[in-house]
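Take a look at the structure below.
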Amino acid sequence: MSRVRARELKQVWTKDHLEGYESDEVLYPGIMFNLAKERMEKTDLWKIVQRMPKGALLHAHMDAMFDLDFLIDLAFSTPGIHMTAPQPLVTERELETAPLSFRYSSTPPAESENKHSIWTPDYEPRTLIHIRKAASTFPKGGEAGFRKWLKSRCMISPEHSFNYHHGVDAIWAIFQRTFPIIGSILFYEPILRPCLRRMLAELANDGIRYVEFRISFLFEYRRQGVDTPEKDYVEFFRVLKEEIEAFKATDEGKGFYGARVIWTILRRLSNRQIIDSMKQCIIAKKAHPDMVCGFDLVGQEDQGRPLVDLLPVLFWFRKRCAEEGVDIPFFFHAGECLGDGDATDHNLFDAILLGTRRIGHGFSLYKHPLLIDLVKEKKILIECCPISNEILRLTSSIKSHPLPALLSRGVSVSLCNDDPAILGHGKNGLTHDFWQALQGLENMGLVGLATMAENSLRWSCFEDQTTEEWLSDIRQGITGSGLKAARLKDWYADFEKFCQWVVQEFAEEVVDDDGKK
């Protein structure tokens, strides 16, 4: 693999070796993701990494993982989908930034014909307009233009991510506007089910055997043909579990272990809103104990409330869980920032003190030698999302990412994709992030990738465990006797087969000491 990488660094990523190279094209080893994506997917290194068994995906926001074109197709083909907005969408600014949403309604589509279009000043705010009328009357190209525009409202474009001079807050403002739109389409049963089936198949095909979804529970979930949303999320979890089990029973899902959910809520909300969500989390955990595996706070750390400000509600949640007889451990986002010593950066300290089992992102951790030692001592894994960190402007490319600094200090890391659909991956899975790390970092190699894949299984929540059981399984790894050890053994067997395939497939890359094949 190192020989394949070395060859492609010269032949694919260095312009001096390319025939017909266009001088205005930006090209160099370690180039930023959006510029490298199309070219990387045609390389031998991509072919190898795609085949690699990747273990578990531990940090991914479920509503940001679905194929957007497929989601939009379902919105058009599913009966009763309507569009609504709190204001007319007329100006360029409104089309780009104004809130909008979709929802199922049993109102006949014909009733939309007599209503003013959402694209005119006469539109009555919050009126439901059938999606086909909204699309056919779209002023910039009818339905084709509407589909293109809607997709653009559900993702960060390459142009957005290139504008680093706008800063972190600017890209986060775009990022946060996408989730309510996607969620309003997704969380209707006839749309959710096929989306889940497609996504799980993509993940399994990418060599992922287990997933822990983060889901922010602010959405309204509706059963098929029902206008009113559910009062809680018990039914949502029933459908999710049903689809996961159905997928595991298929040929595609053979060997797929399943998925669980880390319950999340926005950190910027009030204490009352967060507590209400915590109560719903406990209800869901009691109804489906095998589905809920943890709790987290999400949203932009710089603009949200730091963990220290949320201590009262976090301690209340821990006490309430004990009273209800459930165990819901913390898996906090922390250090997803550029600060050094500010309130956001301090989330790293508080996440560790609160007993988090893993840290999401931990981008600023490399600046804190004491915290690095504590993370290692307490067996805390860092869920690293290099492409997300790049597109959300924490780093310019994989070359300047702190991942090597953490690995060189012996910090346990797994690679994750965070929000692949919104970030423009175009595919579900981990191959993009694995490829970026391997191609962009000289010291990574197959050993580094394999270690992070193994880590993802060692720090997975396959089952509820006490802190003592959790730490014991992590320490023992493959030498243990429980479920986690058995699945690590499965991965080792898969990895051995993968290595054999690489040797057979790319035998011509091997040269002797004289430089001959």
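Every chain in the structure tokens takes a letter, A first, then B, and so on in the order presented; its residues are numbered from 1, and the ligands are numbered from 1 following the presented order.
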
May I have the residues within 12 Å of A:Glu496 as a count of residues only, using only C-alpha atoms and disregarding those fewer than 6 positions away in the same chain? 7

Could you pull the residues within 8 Å of A:Phe363, counting only C-alpha atoms, minus those fewer than 6 positions along the same chain, as a ChimeraX atom specification? /A:335-338,384,389,402

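When the distance limit is 10 Å and only C-alpha atoms are what count, the residues near A:Val413, minus those fewer than 3 positions from it on the same chain, are Arg358, Ile359, His361, Gly362, Ile380, Leu381, Ile382, Glu383, Cys384, Leu403, Leu406, Leu407, Gly410, Cys416, Gly448, Leu449, Thr451, Met452, Ala453, Glu454, Asn455, Ser456 and Trp459 of chain A.
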
Quick one: write out the picked residues with C-alpha atoms as a PDB file, in the first residue's frame?
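Final output, saved to part39.pdb:
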ATOM      1  CA  ARG A 358     -15.450   9.201  24.165  1.00  0.00           C
ATOM      2  CA  ILE A 359     -14.861  12.745  22.928  1.00  0.00           C
ATOM      3  CA  HIS A 361     -13.782  15.730  17.532  1.00  0.00           C
ATOM      4  CA  GLY A 362     -11.375  16.836  20.301  1.00  0.00           C
ATOM      5  CA  ILE A 380     -11.144   7.934  26.397  1.00  0.00           C
ATOM      6  CA  LEU A 381     -11.341   7.617  22.613  1.00  0.00           C
ATOM      7  CA  ILE A 382     -11.248  10.634  20.288  1.00  0.00           C
ATOM      8  CA  GLU A 383     -13.820  10.455  17.476  1.00  0.00           C
ATOM      9  CA  CYS A 384     -11.834  12.208  14.748  1.00  0.00           C
ATOM     10  CA  LEU A 403      -4.523  13.940  14.033  1.00  0.00           C
ATOM     11  CA  LEU A 406      -2.593  12.939  18.868  1.00  0.00           C
ATOM     12  CA  LEU A 407      -1.408   9.641  17.428  1.00  0.00           C
ATOM     13  CA  GLY A 410      -0.457   7.582  22.012  1.00  0.00           C
ATOM     14  CA  CYS A 416     -15.545   9.119  11.553  1.00  0.00           C
ATOM     15  CA  GLY A 448      -2.313   3.534  11.430  1.00  0.00           C
ATOM     16  CA  LEU A 449      -5.576   2.925   9.593  1.00  0.00           C
ATOM     17  CA  THR A 451      -5.268   0.658  14.562  1.00  0.00           C
ATOM     18  CA  MET A 452      -8.051   3.242  14.250  1.00  0.00           C
ATOM     19  CA  ALA A 453     -10.437   0.665  12.761  1.00  0.00           C
ATOM     20  CA  GLU A 454      -9.675  -1.694  15.652  1.00  0.00           C
ATOM     21  CA  ASN A 455     -10.176   1.174  18.117  1.00  0.00           C
ATOM     22  CA  SER A 456     -13.638   1.824  16.706  1.00  0.00           C
ATOM     23  CA  TRP A 459     -14.858   1.658  22.054  1.00  0.00           C
TER      24      TRP A 459
END

Using atom CA of A:Arg260 and atom CA of A:Val292 as the two end points, give the distance in Å to one decimal.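 Result for atom CA of A:Arg260 versus atom CA of A:Val292: 5.9 Å, one decimal.
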
I need the alpha helix (DSSP H) residues of stretch 189-352 of chain A per DSSP on the backbone, written as a VMD selection string. chain A and resid 189 to 205 234 to 248 271 to 287 311 to 324 347 to 352
